[in-house]
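File shown here: query.cif, holding mmCIF, C-alpha atoms; chains and numbers go by the auth columns.
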```
data_start
loop_
_atom_site.group_PDB
_atom_site.id
_atom_site.type_symbol
_atom_site.label_atom_id
_atom_site.label_comp_id
_atom_site.label_asym_id
_atom_site.label_seq_id
_atom_site.Cartn_x
_atom_site.Cartn_y
_atom_site.Cartn_z
_atom_site.B_iso_or_equiv
_atom_site.auth_seq_id
_atom_site.auth_asym_id
ATOM 1 C CA MET A 1 67.549 150.143 48.701 0.00 29 A
ATOM 2 C CA GLU A 2 71.076 149.570 49.990 0.00 30 A
ATOM 3 C CA PHE A 3 71.918 147.583 46.858 0.00 31 A
ATOM 4 C CA PHE A 4 70.665 150.368 44.570 0.00 32 A
ATOM 5 C CA THR A 5 72.572 153.069 46.479 0.00 33 A
ATOM 6 C CA ALA A 6 75.802 151.064 46.426 0.00 34 A
ATOM 7 C CA LEU A 7 75.426 150.379 42.700 0.00 35 A
ATOM 8 C CA VAL A 8 74.752 154.052 41.907 0.00 36 A
ATOM 9 C CA LEU A 9 77.909 155.086 43.778 0.00 37 A
ATOM 10 C CA SER A 10 79.916 152.516 41.806 0.00 38 A
ATOM 11 C CA VAL A 11 78.524 153.867 38.532 0.00 39 A
ATOM 12 C CA LEU A 12 79.283 157.474 39.464 0.00 40 A
ATOM 13 C CA ALA A 13 82.835 156.589 40.550 0.00 41 A
ATOM 14 C CA GLY A 14 83.393 154.786 37.254 0.00 42 A
ATOM 15 C CA PHE A 15 82.030 157.645 35.167 0.00 43 A
ATOM 16 C CA SER A 16 84.698 159.983 36.536 0.00 44 A
ATOM 17 C CA THR A 17 87.005 158.634 33.811 0.00 45 A
ATOM 18 C CA SER A 18 84.792 160.674 31.502 0.00 46 A
ATOM 19 C CA ILE A 19 85.673 163.778 33.529 0.00 47 A
ATOM 20 C CA GLY A 20 89.329 162.989 32.916 0.00 48 A
ATOM 21 C CA ALA A 21 88.621 162.643 29.212 0.00 49 A
ATOM 22 C CA LEU A 22 86.973 166.075 29.128 0.00 50 A
ATOM 23 C CA LEU A 23 89.885 167.614 31.014 0.00 51 A
ATOM 24 C CA ALA A 24 92.322 166.051 28.561 0.00 52 A
ATOM 25 C CA PHE A 25 90.431 167.524 25.624 0.00 53 A
ATOM 26 C CA PHE A 26 89.888 171.028 26.955 0.00 54 A
ATOM 27 C CA LEU A 27 92.905 171.478 29.221 0.00 55 A
ATOM 28 C CA LYS A 28 95.327 168.986 27.616 0.00 56 A
ATOM 29 C CA LYS A 29 96.658 167.952 31.032 0.00 57 A
ATOM 30 C CA PRO A 30 95.634 168.398 34.676 0.00 58 A
ATOM 31 C CA GLY A 31 96.973 171.361 36.575 0.00 59 A
ATOM 32 C CA PRO A 32 100.260 170.567 38.322 0.00 60 A
ATOM 33 C CA SER A 33 99.122 172.378 41.439 0.00 61 A
ATOM 34 C CA ILE A 34 95.929 170.338 41.767 0.00 62 A
ATOM 35 C CA MET A 35 96.847 166.734 40.966 0.00 63 A
ATOM 36 C CA PRO A 36 99.306 166.024 43.813 0.00 64 A
ATOM 37 C CA ILE A 37 96.793 167.316 46.359 0.00 65 A
ATOM 38 C CA ALA A 38 93.928 165.397 44.735 0.00 66 A
ATOM 39 C CA MET A 39 95.857 162.120 44.583 0.00 67 A
ATOM 40 C CA GLY A 40 97.108 162.590 48.145 0.00 68 A
ATOM 41 C CA PHE A 41 93.545 163.307 49.252 0.00 69 A
ATOM 42 C CA SER A 42 92.318 160.057 47.680 0.00 70 A
ATOM 43 C CA ALA A 43 95.128 158.098 49.326 0.00 71 A
ATOM 44 C CA GLY A 44 94.386 159.686 52.711 0.00 72 A
ATOM 45 C CA VAL A 45 90.717 158.731 52.490 0.00 73 A
ATOM 46 C CA MET A 46 91.454 155.152 51.470 0.00 74 A
ATOM 47 C CA ILE A 47 94.224 154.514 54.000 0.00 75 A
ATOM 48 C CA PHE A 48 92.306 156.046 56.900 0.00 76 A
ATOM 49 C CA VAL A 49 89.047 154.218 56.255 0.00 77 A
ATOM 50 C CA ALA A 50 90.858 150.933 55.642 0.00 78 A
ATOM 51 C CA PHE A 51 92.658 150.973 59.005 0.00 79 A
ATOM 52 C CA ALA A 52 90.218 152.996 61.127 0.00 80 A
ATOM 53 C CA GLU A 53 86.913 151.464 60.034 0.00 81 A
ATOM 54 C CA MET A 54 86.918 148.579 57.569 0.00 82 A
ATOM 55 C CA LEU A 55 89.634 146.344 59.030 0.00 83 A
ATOM 56 C CA PRO A 56 88.380 146.818 62.629 0.00 84 A
ATOM 57 C CA GLN A 57 84.843 145.973 61.449 0.00 85 A
ATOM 58 C CA ALA A 58 86.156 142.847 59.720 0.00 86 A
ATOM 59 C CA MET A 59 88.058 141.862 62.887 0.00 87 A
ATOM 60 C CA LEU A 60 84.979 142.391 65.025 0.00 88 A
ATOM 61 C CA GLY A 61 82.634 140.422 62.779 0.00 89 A
ATOM 62 C CA ALA A 62 84.868 137.701 61.335 0.00 90 A
ATOM 63 C CA GLY A 63 87.603 137.391 63.939 0.00 91 A
ATOM 64 C CA GLN A 64 91.112 138.809 63.946 0.00 92 A
ATOM 65 C CA ALA A 65 92.802 135.928 62.108 0.00 93 A
ATOM 66 C CA ASN A 66 90.155 135.740 59.376 0.00 94 A
ATOM 67 C CA ALA A 67 90.200 139.509 58.922 0.00 95 A
ATOM 68 C CA PHE A 68 93.982 139.575 58.555 0.00 96 A
ATOM 69 C CA ILE A 69 93.889 136.720 56.051 0.00 97 A
ATOM 70 C CA ALA A 70 91.220 138.535 54.030 0.00 98 A
ATOM 71 C CA PHE A 71 93.214 141.776 54.186 0.00 99 A
ATOM 72 C CA PHE A 72 96.378 140.232 52.753 0.00 100 A
ATOM 73 C CA ALA A 73 94.358 138.189 50.270 0.00 101 A
ATOM 74 C CA GLY A 74 92.931 141.454 48.938 0.00 102 A
ATOM 75 C CA MET A 75 96.421 142.924 48.648 0.00 103 A
ATOM 76 C CA GLY A 76 97.658 139.775 46.931 0.00 104 A
ATOM 77 C CA ALA A 77 94.792 139.744 44.438 0.00 105 A
ATOM 78 C CA ILE A 78 95.311 143.343 43.334 0.00 106 A
ATOM 79 C CA TYR A 79 99.070 142.743 43.166 0.00 107 A
ATOM 80 C CA LEU A 80 98.531 139.853 40.746 0.00 108 A
ATOM 81 C CA ILE A 81 96.263 142.017 38.628 0.00 109 A
ATOM 82 C CA ASP A 82 98.921 144.720 38.532 0.00 110 A
ATOM 83 C CA VAL A 83 101.658 142.244 37.595 0.00 111 A
ATOM 84 C CA LEU A 84 99.674 140.384 34.943 0.00 112 A
ATOM 85 C CA LEU A 85 97.920 143.447 33.494 0.00 113 A
ATOM 86 C CA PRO A 86 100.051 146.529 34.210 0.00 114 A
ATOM 87 C CA HIS A 87 98.774 149.952 33.225 0.00 115 A
ATOM 88 C CA ALA A 88 100.074 153.502 33.392 0.00 116 A
ATOM 89 C CA TYR A 89 98.478 156.885 33.928 0.00 117 A
ATOM 90 C CA LYS A 90 100.632 158.632 31.376 0.00 118 A
ATOM 91 C CA GLY A 91 99.403 157.845 27.924 0.00 119 A
ATOM 92 C CA GLU A 92 101.827 160.389 26.495 0.00 120 A
ATOM 93 C CA LYS A 93 104.600 157.809 26.955 0.00 121 A
ATOM 94 C CA CYS A 94 103.255 155.938 23.934 0.00 122 A
ATOM 95 C CA GLU A 95 105.198 156.272 20.714 0.00 123 A
ATOM 96 C CA ASP A 96 103.393 158.283 18.067 0.00 124 A
ATOM 97 C CA GLN A 97 103.184 155.435 15.547 0.00 125 A
ATOM 98 C CA LYS A 98 101.683 153.110 18.138 0.00 126 A
ATOM 99 C CA MET A 99 99.218 155.514 19.736 0.00 127 A
ATOM 100 C CA MET A 100 96.025 153.589 18.917 0.00 128 A
ATOM 101 C CA ARG A 101 97.368 150.238 20.088 0.00 129 A
ATOM 102 C CA CYS A 102 98.891 151.772 23.181 0.00 130 A
ATOM 103 C CA GLY A 103 95.696 153.639 24.075 0.00 131 A
ATOM 104 C CA THR A 104 93.611 150.503 23.596 0.00 132 A
ATOM 105 C CA LEU A 105 95.909 148.453 25.826 0.00 133 A
ATOM 106 C CA VAL A 106 95.870 151.156 28.481 0.00 134 A
ATOM 107 C CA ALA A 107 92.052 151.206 28.352 0.00 135 A
ATOM 108 C CA ILE A 108 91.866 147.413 28.708 0.00 136 A
ATOM 109 C CA GLY A 109 94.382 147.389 31.553 0.00 137 A
ATOM 110 C CA ILE A 110 92.559 150.145 33.429 0.00 138 A
ATOM 111 C CA ALA A 111 89.176 148.497 32.845 0.00 139 A
ATOM 112 C CA ILE A 112 90.330 145.195 34.341 0.00 140 A
ATOM 113 C CA HIS A 113 92.104 147.035 37.156 0.00 141 A
ATOM 114 C CA ASN A 114 88.862 148.883 37.908 0.00 142 A
ATOM 115 C CA PHE A 115 86.999 145.645 38.695 0.00 143 A
ATOM 116 C CA PRO A 116 88.249 145.410 42.300 0.00 144 A
ATOM 117 C CA GLU A 117 87.822 149.161 42.749 0.00 145 A
ATOM 118 C CA GLY A 118 84.154 148.783 41.780 0.00 146 A
ATOM 119 C CA MET A 119 83.824 146.010 44.328 0.00 147 A
ATOM 120 C CA ALA A 120 85.498 148.222 46.930 0.00 148 A
ATOM 121 C CA VAL A 121 82.993 151.036 46.416 0.00 149 A
ATOM 122 C CA PHE A 122 80.027 148.678 46.225 0.00 150 A
ATOM 123 C CA PHE A 123 80.683 146.498 49.271 0.00 151 A
ATOM 124 C CA SER A 124 81.849 149.361 51.476 0.00 152 A
ATOM 125 C CA SER A 125 78.658 151.256 50.587 0.00 153 A
ATOM 126 C CA LEU A 126 76.573 148.126 51.098 0.00 154 A
ATOM 127 C CA SER A 127 78.024 147.757 54.578 0.00 155 A
ATOM 128 C CA SER A 128 77.801 151.411 55.614 0.00 156 A
ATOM 129 C CA LEU A 129 77.105 154.565 53.642 0.00 157 A
ATOM 130 C CA SER A 130 79.155 156.552 56.163 0.00 158 A
ATOM 131 C CA PHE A 131 82.399 155.249 54.711 0.00 159 A
ATOM 132 C CA GLY A 132 81.092 154.052 51.339 0.00 160 A
ATOM 133 C CA LEU A 133 80.392 157.588 50.143 0.00 161 A
ATOM 134 C CA PRO A 134 83.865 159.021 50.897 0.00 162 A
ATOM 135 C CA ILE A 135 85.463 155.971 49.273 0.00 163 A
ATOM 136 C CA ALA A 136 83.356 156.533 46.157 0.00 164 A
ATOM 137 C CA ILE A 137 84.555 160.151 46.049 0.00 165 A
ATOM 138 C CA ALA A 138 88.173 159.078 46.543 0.00 166 A
ATOM 139 C CA VAL A 139 87.945 156.482 43.771 0.00 167 A
ATOM 140 C CA ALA A 140 86.279 159.027 41.499 0.00 168 A
ATOM 141 C CA ILE A 141 89.192 161.443 42.001 0.00 169 A
ATOM 142 C CA HIS A 142 91.592 158.563 41.417 0.00 170 A
ATOM 143 C CA ASN A 143 89.858 157.713 38.114 0.00 171 A
ATOM 144 C CA ILE A 144 90.230 161.181 36.577 0.00 172 A
ATOM 145 C CA PRO A 145 93.891 160.722 35.520 0.00 173 A
ATOM 146 C CA GLU A 146 92.983 157.250 34.245 0.00 174 A
ATOM 147 C CA GLY A 147 90.476 158.863 31.886 0.00 175 A
ATOM 148 C CA ILE A 148 93.235 161.210 30.733 0.00 176 A
ATOM 149 C CA ALA A 149 95.589 158.259 30.173 0.00 177 A
ATOM 150 C CA VAL A 150 93.092 156.614 27.835 0.00 178 A
ATOM 151 C CA PHE A 151 91.909 159.762 26.057 0.00 179 A
ATOM 152 C CA VAL A 152 95.295 161.188 25.049 0.00 180 A
ATOM 153 C CA PRO A 153 96.666 158.334 22.882 0.00 181 A
ATOM 154 C CA ILE A 154 93.270 157.492 21.347 0.00 182 A
ATOM 155 C CA PHE A 155 92.649 161.115 20.426 0.00 183 A
ATOM 156 C CA GLU A 156 96.164 161.520 19.007 0.00 184 A
ATOM 157 C CA ALA A 157 95.704 158.381 16.888 0.00 185 A
ATOM 158 C CA THR A 158 92.174 159.028 15.600 0.00 186 A
ATOM 159 C CA LYS A 159 91.717 162.812 15.993 0.00 187 A
ATOM 160 C CA SER A 160 88.203 161.868 17.096 0.00 188 A
ATOM 161 C CA ARG A 161 86.934 163.346 20.324 0.00 189 A
ATOM 162 C CA GLY A 162 84.005 160.933 20.295 0.00 190 A
ATOM 163 C CA LYS A 163 86.125 157.789 20.040 0.00 191 A
ATOM 164 C CA ALA A 164 88.557 158.952 22.710 0.00 192 A
ATOM 165 C CA PHE A 165 85.682 159.861 25.030 0.00 193 A
ATOM 166 C CA LEU A 166 83.993 156.502 24.377 0.00 194 A
ATOM 167 C CA TYR A 167 87.133 154.497 25.196 0.00 195 A
ATOM 168 C CA SER A 168 87.655 156.494 28.399 0.00 196 A
ATOM 169 C CA THR A 169 84.050 156.011 29.487 0.00 197 A
ATOM 170 C CA LEU A 170 84.036 152.283 28.741 0.00 198 A
ATOM 171 C CA SER A 171 87.186 151.778 30.816 0.00 199 A
ATOM 172 C CA GLY A 172 85.412 153.396 33.774 0.00 200 A
ATOM 173 C CA LEU A 173 82.237 151.345 33.372 0.00 201 A
ATOM 174 C CA ALA A 174 84.247 148.310 34.457 0.00 202 A
ATOM 175 C CA GLU A 175 83.740 149.543 38.024 0.00 203 A
ATOM 176 C CA PRO A 176 79.956 149.024 38.246 0.00 204 A
ATOM 177 C CA LEU A 177 80.414 145.838 36.201 0.00 205 A
ATOM 178 C CA GLY A 178 82.892 144.591 38.796 0.00 206 A
ATOM 179 C CA ALA A 179 80.450 145.509 41.540 0.00 207 A
ATOM 180 C CA VAL A 180 77.608 143.543 39.922 0.00 208 A
ATOM 181 C CA ILE A 181 79.775 140.506 39.133 0.00 209 A
ATOM 182 C CA GLY A 182 81.190 140.505 42.647 0.00 210 A
ATOM 183 C CA PHE A 183 77.705 140.728 44.134 0.00 211 A
ATOM 184 C CA LEU A 184 76.304 137.946 41.925 0.00 212 A
ATOM 185 C CA PHE A 185 79.261 135.704 42.713 0.00 213 A
ATOM 186 C CA LEU A 186 78.987 136.242 46.469 0.00 214 A
ATOM 187 C CA MET A 187 75.190 136.523 46.690 0.00 215 A
ATOM 188 C CA PRO A 188 74.604 132.810 47.525 0.00 216 A
ATOM 189 C CA PHE A 189 77.079 133.115 50.407 0.00 217 A
ATOM 190 C CA LEU A 190 76.375 136.695 51.456 0.00 218 A
ATOM 191 C CA ASN A 191 75.741 137.102 55.163 0.00 219 A
ATOM 192 C CA GLN A 192 77.264 139.324 57.829 0.00 220 A
ATOM 193 C CA PHE A 193 80.293 137.046 58.228 0.00 221 A
ATOM 194 C CA THR A 194 81.162 136.972 54.513 0.00 222 A
ATOM 195 C CA LEU A 195 80.464 140.701 54.204 0.00 223 A
ATOM 196 C CA ASP A 196 82.950 141.349 57.003 0.00 224 A
ATOM 197 C CA LEU A 197 85.503 139.165 55.201 0.00 225 A
ATOM 198 C CA VAL A 198 84.903 141.135 51.999 0.00 226 A
ATOM 199 C CA LEU A 199 85.430 144.373 53.920 0.00 227 A
ATOM 200 C CA GLY A 200 88.790 143.050 55.120 0.00 228 A
ATOM 201 C CA ALA A 201 89.775 142.177 51.550 0.00 229 A
ATOM 202 C CA VAL A 202 88.576 145.558 50.258 0.00 230 A
ATOM 203 C CA ALA A 203 90.695 147.262 52.931 0.00 231 A
ATOM 204 C CA GLY A 204 93.733 145.426 51.575 0.00 232 A
ATOM 205 C CA ILE A 205 92.858 146.429 48.010 0.00 233 A
ATOM 206 C CA MET A 206 92.570 150.098 48.950 0.00 234 A
ATOM 207 C CA VAL A 207 95.830 150.128 50.901 0.00 235 A
ATOM 208 C CA PHE A 208 97.651 148.566 47.963 0.00 236 A
ATOM 209 C CA ILE A 209 96.168 151.063 45.484 0.00 237 A
ATOM 210 C CA SER A 210 97.129 153.951 47.776 0.00 238 A
ATOM 211 C CA PHE A 211 100.766 152.941 48.228 0.00 239 A
ATOM 212 C CA ASP A 212 101.358 151.482 44.774 0.00 240 A
ATOM 213 C CA GLU A 213 99.564 154.056 42.616 0.00 241 A
ATOM 214 C CA LEU A 214 98.171 157.138 44.295 0.00 242 A
ATOM 215 C CA LEU A 215 101.155 158.154 46.421 0.00 243 A
ATOM 216 C CA PRO A 216 103.841 157.525 43.755 0.00 244 A
ATOM 217 C CA PHE A 217 101.748 159.428 41.213 0.00 245 A
ATOM 218 C CA SER A 218 101.167 162.327 43.609 0.00 246 A
ATOM 219 C CA TYR A 219 104.935 162.769 44.045 0.00 247 A
ATOM 220 C CA ASP A 220 105.898 162.107 40.412 0.00 248 A
ATOM 221 C CA GLY A 221 107.283 165.421 39.195 0.00 249 A
ATOM 222 C CA HIS A 222 105.643 167.264 42.086 0.00 250 A
ATOM 223 C CA PRO A 223 108.291 168.017 44.720 0.00 251 A
ATOM 224 C CA GLY A 224 107.220 169.662 47.933 0.00 252 A
ATOM 225 C CA HIS A 225 104.586 169.064 50.575 0.00 253 A
ATOM 226 C CA LYS A 226 101.387 169.192 48.499 0.00 254 A
ATOM 227 C CA PRO A 227 100.853 165.405 48.491 0.00 255 A
ATOM 228 C CA ILE A 228 101.168 165.127 52.262 0.00 256 A
ATOM 229 C CA LEU A 229 98.752 168.043 52.657 0.00 257 A
ATOM 230 C CA GLY A 230 96.311 166.125 50.472 0.00 258 A
ATOM 231 C CA ILE A 231 96.785 163.033 52.628 0.00 259 A
ATOM 232 C CA PHE A 232 96.163 165.063 55.789 0.00 260 A
ATOM 233 C CA PHE A 233 92.969 166.636 54.445 0.00 261 A
ATOM 234 C CA GLY A 234 91.760 163.300 53.084 0.00 262 A
ATOM 235 C CA MET A 235 92.186 161.640 56.465 0.00 263 A
ATOM 236 C CA ALA A 236 90.618 164.614 58.257 0.00 264 A
ATOM 237 C CA VAL A 237 87.574 164.592 55.954 0.00 265 A
ATOM 238 C CA MET A 238 87.206 160.846 56.399 0.00 266 A
ATOM 239 C CA ALA A 239 87.443 161.137 60.183 0.00 267 A
ATOM 240 C CA ALA A 240 84.872 163.935 60.217 0.00 268 A
ATOM 241 C CA SER A 241 82.471 162.017 57.990 0.00 269 A
ATOM 242 C CA LEU A 242 82.729 158.872 60.134 0.00 270 A
ATOM 243 C CA TRP A 243 82.144 160.943 63.256 0.00 271 A
ATOM 244 C CA MET A 244 79.120 162.800 61.851 0.00 272 A
ATOM 245 C CA LEU A 245 77.500 159.904 59.990 0.00 273 A
ATOM 246 C CA GLY A 246 78.518 157.096 62.330 0.00 274 A
#
```
Output the file's structure as structure tokens, nothing else.
Amino acid sequence: MEFFTALVLSVLAGFSTSIGALLAFFLKKPGPSIMPIAMGFSAGVMIFVAFAEMLPQAMLGAGQANAFIAFFAGMGAIYLIDVLLPHAYKGEKCEDQKMMRCGTLVAIGIAIHNFPEGMAVFFSSLSSLSFGLPIAIAVAIHNIPEGIAVFVPIFEATKSRGKAFLYSTLSGLAEPLGAVIGFLFLMPFLNQFTLDLVLGAVAGIMVFISFDELLPFSYDGHPGHKPILGIFFGMAVMAASLWMLG
């Protein structure tokens, strides 16, 4: 039952790229008053749960040294993915004559980048639904602009809503695929100790994503205090959910 619930949350988080695609088609771009708060909210959830719940759990179950090693290994892994396969939220940066190629590359980059995010949602939910569910919501919010980034250049190149929507959706489906591959790879070794190590690594992944992507994006062209308000509310919601469900 826990496996099914964790997988469903990974699928739903991945499908939020489709929401971004729909927003791109109907609204052209997300509202400037909403996105900095939404991205800050996602970052607040991820940072708070990483340091307040997941890393302490990893330290308790696997030992402090092992948990710290796993944490920085997770950060290092996602850093390598970012360096080797960089992607951007803003598909509108593509040149008009290269829209299709640019959109395809963005979709591939986001899809591969979504693998560890799918693992983050899956293994956090497998360990405890109390912080797996808020992480799934945070990742889902985070994926909306990624869906926009894929939809815009594909739609401009093909003028086909269906193709643009398909590319956006497929890029998001990498999340449940990453969850399943991660589970199958670790299944022969999966016990409480290895699960705690994975939680430490996932904490590192989420911290990296928050500081490298979510926070810079929330402040990009959005001066003021909206991002920090989003961070505050994200942390407050996460704290409340851990308190009520813990």
Give me, please, the distance in Å between CA of Val178 (chain A) and CA of Ala229 (chain A), quoted to one decimal.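 Separation of CA of Val178 (chain A) and CA of Ala229 (chain A): 28.0 Å.
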Which distance in Å separates CA of Ala202 (chain A) and CA of Phe143 (chain A), to one decimal?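 One can read the CA of Ala202 (chain A) to CA of Phe143 (chain A) distance as 5.7 Å.
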Rounded to one decimal in Å, what is the spacing between CA of Glu30 (chain A) and CA of Ile169 (chain A)?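 If I compute the distance from CA of Glu30 (chain A) to CA of Ile169 (chain A), I get 23.1 Å.
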Chain and number of each residue from the PyMOL selection byres ((chain A and resi 160) around 12), as a ChimeraX atom specification: /A:30,33-38,41,73-74,77-78,81-82,145-159,161-167,227,230-231,266,269-270,273-274
Tell me which of A:Tyr247, A:Phe43, A:Phe53, A:Phe213 sits closest to Leu198 (chain A), counting all atoms listed in the file.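 Answer, going by the shortest atom-to-atom distance: A:Phe43.
Closest approach to Ser44 (chain A) among A:Ile237, A:Leu212, A:Ala105, A:Leu201: A:Leu201, based on all atoms listed in the file.
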Considering all atoms listed in the file, state which residue in the set A:Gly190, A:Gly42, A:Pro144, A:Ala80 is at the smallest distance from Ile109 (chain A). A:Pro144
Using the chain letters and numbers from this file, what does the PyMOL selection byres ((chain A and resi 224) around 10) select? Give the answer as JSON, numbers by chain. {"A": [82, 83, 84, 85, 86, 87, 88, 89, 90, 91, 94, 95, 98, 151, 152, 155, 218, 219, 220, 221, 222, 223, 225, 226, 227, 228, 229, 230]}
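When the PyMOL selection byres ((chain A and resi 107) around 12) is evaluated against the file, it yields A:Phe100, A:Ala101, A:Gly102, A:Met103, A:Gly104, A:Ala105, A:Ile106, A:Leu108, A:Ile109, A:Asp110, A:Val111, A:Leu112, A:Leu113, A:Pro114, A:His141, A:Pro144, A:Gly232, A:Ile233, A:Met234, A:Val235, A:Phe236, A:Ile237, A:Phe239, A:Asp240, A:Glu241.
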Output C-alpha atoms for every residue in that selection, as an mmCIF file, keeping the file's coordinate frame.
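Contents of selection.cif, freshly written:
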```
data_model
loop_
_atom_site.group_PDB
_atom_site.id
_atom_site.type_symbol
_atom_site.label_atom_id
_atom_site.label_comp_id
_atom_site.auth_asym_id
_atom_site.auth_seq_id
_atom_site.Cartn_x
_atom_site.Cartn_y
_atom_site.Cartn_z
ATOM 1 C CA PHE A 100 96.378 140.232 52.753
ATOM 2 C CA ALA A 101 94.358 138.189 50.270
ATOM 3 C CA GLY A 102 92.931 141.454 48.938
ATOM 4 C CA MET A 103 96.421 142.924 48.648
ATOM 5 C CA GLY A 104 97.658 139.775 46.931
ATOM 6 C CA ALA A 105 94.792 139.744 44.438
ATOM 7 C CA ILE A 106 95.311 143.343 43.334
ATOM 8 C CA LEU A 108 98.531 139.853 40.746
ATOM 9 C CA ILE A 109 96.263 142.017 38.628
ATOM 10 C CA ASP A 110 98.921 144.720 38.532
ATOM 11 C CA VAL A 111 101.658 142.244 37.595
ATOM 12 C CA LEU A 112 99.674 140.384 34.943
ATOM 13 C CA LEU A 113 97.920 143.447 33.494
ATOM 14 C CA PRO A 114 100.051 146.529 34.210
ATOM 15 C CA HIS A 141 92.104 147.035 37.156
ATOM 16 C CA PRO A 144 88.249 145.410 42.300
ATOM 17 C CA GLY A 232 93.733 145.426 51.575
ATOM 18 C CA ILE A 233 92.858 146.429 48.010
ATOM 19 C CA MET A 234 92.570 150.098 48.950
ATOM 20 C CA VAL A 235 95.830 150.128 50.901
ATOM 21 C CA PHE A 236 97.651 148.566 47.963
ATOM 22 C CA ILE A 237 96.168 151.063 45.484
ATOM 23 C CA PHE A 239 100.766 152.941 48.228
ATOM 24 C CA ASP A 240 101.358 151.482 44.774
ATOM 25 C CA GLU A 241 99.564 154.056 42.616
#
```
Please determine the residues with any atom at most 7 Å from (94.0, 157.0, 52.5) (coordinates as given in the file, with all atoms listed in the file counting) and report them as JSON, numbers by chain. {"A": [70, 71, 72, 73, 74, 75, 76, 77, 238, 259, 262, 263]}
Selection: 7 Å around Pro255 (chain A), all atoms listed in the file, excl. self and same-chain fewer than 2 positions, as a compact mmCIF listing (two decimals) with C-alpha atoms, in the frame of the given file:
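Below you can see out.txt, which holds the result:
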```txt
# COMPACT_ATOMS: atom_id res chain seq x y z
CA PRO A 64 99.31 166.02 43.81
CA ILE A 65 96.79 167.32 46.36
CA GLY A 68 97.11 162.59 48.14
CA SER A 246 101.17 162.33 43.61
CA TYR A 247 104.94 162.77 44.04
CA HIS A 253 104.59 169.06 50.58
CA LEU A 257 98.75 168.04 52.66
CA GLY A 258 96.31 166.12 50.47
CA ILE A 259 96.78 163.03 52.63
```
Which residue is closest to Leu205 (chain A)? Choose from A:Ala267, A:Phe193, A:Phe96, A:Val39 and count only C-alpha atoms.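 Under the stated criterion, the closest residue is A:Val39.
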Minimum-distance residue to Gly200 (chain A), chosen among A:Ala66, A:Ala49, A:Leu242, A:Leu214 (using only C-alpha atoms):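 Counting only C-alpha atoms, the residue closest to Gly200 (chain A) is A:Ala49.
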Taking into account all atoms listed in the file, which residue in the set A:Tyr195, A:Phe183, A:Phe69, A:Trp271 is nearest to Ser46 (chain A)? A:Tyr195
Centre and edge lengths, as lines of an AutoDock Vina configuration file, for the axis-aligned box enclosing every listed atom of region 148-159 of chain A with 4 Å of padding on each of the six sides, in Å to one decimal?
```
center_x = 81.0
center_y = 151.5
center_z = 51.2
size_x = 16.9
size_y = 18.1
size_z = 17.9
```
Taking the structure I provided as the source, export region 146-158 of chain A with N, CA and C atoms, as a compact mmCIF listing (two decimals), in the first residue's frame.
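Result file is decode.txt:
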```
# COMPACT_ATOMS: atom_id res chain seq x y z
N GLY A 146 11.60 12.75 -8.89
CA GLY A 146 10.67 11.63 -8.73
C GLY A 146 11.09 10.72 -7.60
N MET A 147 12.40 10.48 -7.50
CA MET A 147 12.91 9.67 -6.40
C MET A 147 12.67 10.38 -5.06
N ALA A 148 12.83 11.69 -5.06
CA ALA A 148 12.62 12.45 -3.82
C ALA A 148 11.20 12.29 -3.32
N VAL A 149 10.23 12.48 -4.21
CA VAL A 149 8.82 12.33 -3.83
C VAL A 149 8.53 10.91 -3.39
N PHE A 150 9.03 9.94 -4.16
CA PHE A 150 8.71 8.54 -3.90
C PHE A 150 9.27 8.07 -2.56
N PHE A 151 10.57 8.27 -2.33
CA PHE A 151 11.19 7.73 -1.13
C PHE A 151 10.78 8.49 0.13
N SER A 152 10.53 9.79 0.00
CA SER A 152 10.03 10.52 1.17
C SER A 152 8.63 10.05 1.53
N SER A 153 7.80 9.78 0.52
CA SER A 153 6.45 9.27 0.78
C SER A 153 6.48 7.85 1.29
N LEU A 154 7.44 7.06 0.79
CA LEU A 154 7.58 5.68 1.25
C LEU A 154 7.98 5.64 2.72
N SER A 155 8.79 6.61 3.13
CA SER A 155 9.23 6.66 4.52
C SER A 155 8.14 7.18 5.44
N SER A 156 7.49 8.27 5.03
CA SER A 156 6.45 8.86 5.86
C SER A 156 5.56 9.75 5.01
N LEU A 157 4.29 9.49 5.02
CA LEU A 157 3.34 10.30 4.24
C LEU A 157 3.25 11.72 4.78
N SER A 158 3.60 11.91 6.06
CA SER A 158 3.46 13.22 6.68
C SER A 158 4.36 14.26 6.04
```
